[in-house]
Amino acid sequence: MSADRPDLPVPDTRPAPPVVQEPMLDRVALERVLARAAELQAHQADVGDGLTEAQLIEIGREVGISTQNLRQALAEERGRLTLPRDEGFEGRVAGPAVAIASRTVKGTPERVMADLLLWMEREECLQVKRRFADRSTWEARRDFVSSVRRSFNVGGRGYALARATEVGATVVPVDDQRVLVRLDADFRPARRARVLGGGAAALGGTLAGATPFVLGAAVIPDPSMAFFLVSGAIAAAGTLGGVLGGLGIARTHRSVVERGQLALEQILDRFEREEDAAARLRLPGVLDAAERLLREKVSELHTKSTWPRSKP
C-alpha cells in the first residue's frame with residue numbers, strides 16, 4: 001500500500017487548468033498593431049529625422065521582414081505621386097481626372113525608360129514634354145500625320161492617351177533586375193470641358209422651359225390660373241430635362257478616364273510579360289515605313305508651298 005511506502009509519489013488529484021484560447025485578430029486590427037509596433041520601435045531606435053534605406057532594411061531583417069518586400073515597398077514609396085483629391089464639384093459630377101497604373105517589371109531603369117520613350121512615340125502618338133532622370137512626361141503630337149492616325153484609328157489602338165493633357169512615367173529601381181513603373185495621365189482640362197458643356201446644356205434646358213412662361217406673362221394681359229399651371233409645368237419639365245441632360249454630358253468623362261486607365265494597364269501588361277517592345281519597334285515595319293513616307297511627302301509639299309518663286 002502507498003501508505004506503507006512513503007517513498008512513492010503521491011498522485012495529483014487536482015483538476016487540470018482550463019485551456020485558454022488566445023483571441024484572434026482580424027486583418028484591420030493586425031495592421032493597426034503592426035503599425036503601432038513599428039512606430040514604437042522607431043522611437044526606441046532613436047532614428048532622429050529618419051533612416052537610410054540600408055538602416056531600414058537592417059531593421060526589417062531583425063524583425064523578420066524580407067529584404068525583397070522592403071525594397072518593393074521602398075520603390076513604391078519613391079514612385080508615389082501626390083495627387084489632389086477629387087472632392088470638388090467637378091469630381092463629384094464627372095468623376096476622377098487622373099488615371100494611374102503601376103507595376104513591377106524586369107529590367108534596368110535606363111532600359112525600361114528608353115523602351116517607354118520609344119513606345120509612347122511610336123504606339124501612342126505622343127511626344128516628349130519634359131524628361132528627368134527617373135521621370136518623363138509626354139503630350140499629344142499635333143502634326144498632320146498623327147492627326148490622321150488618330151482620326152482613322154490606324155493600328156486599332158484608340159489613342160486614348162492623346163486626350164490627356166500630360167502623360168507621365170516614373171521608373172524607380174527595386175533591385176538589380178527589377179524596377180517599379182508608375183504611369184499617370186492627367187485629364188483635368190477634358191473633365192472641365194465636359195462639366196462646362198453639361199452646365200451649358202442644363203442652362204439651355206432651363207431657358208427653353210421658362211421662355212413660354214415669360215412670354216405668355218408678358219403678352220397675355222390677364223393670364224388665368226390654367227396658364228400658370230401649364231406654363232409652370234413646361235418650365236419645370238424643361239429645367240429637369242436640361243439638368244439631367246447636362247449631368248449625362250458631364251458623366252461621359254468617366255468613360256474617357258476609363259479608356260485612359262485601360263491604355264496604361266495594357267502598356268504595363270506588355271512590359272510585365274517581358275515583351276521586348278523596344279526591339280520590335282526598332283524594326284522598320286510596314287506601318288512605320290508608310291508613316292515615314294507620308295511625313296516626307298507632307299514635308300515636301302510644305303517646302304514647295306513656301307519656297308520663294310523666282311521672278312520671270
# chains A, B, ... in the order shown; residues from 1 in each chain; ligands from 1
$ residues_around --residues "Trp138 (chain A)" --least-positions-apart "5" --cutoff "8 Å" --atoms "only C-alpha atoms" --output "PyMOL selection string"
chain A and resi 120+126-130+166-168
$ residues_around --residues "region 102-119 of chain A" --least-positions-apart "3" --cutoff "6 Å" --atoms "only C-alpha atoms" --output "ChimeraX atom specification"
/A:122-123,171,177-182,272,278
$ residues_around --residues "Gln261 (chain A)" --least-positions-apart "5" --cutoff "8 Å" --atoms "only C-alpha atoms" --output "list in words"
Ala99, Ile100 and Ala101 of chain A
$ closest_residue --among "A:Ile249, A:Met24, A:Ala235, A:Ala185" --to "Ala210 (chain A)" --atoms "only C-alpha atoms"
A:Ala235
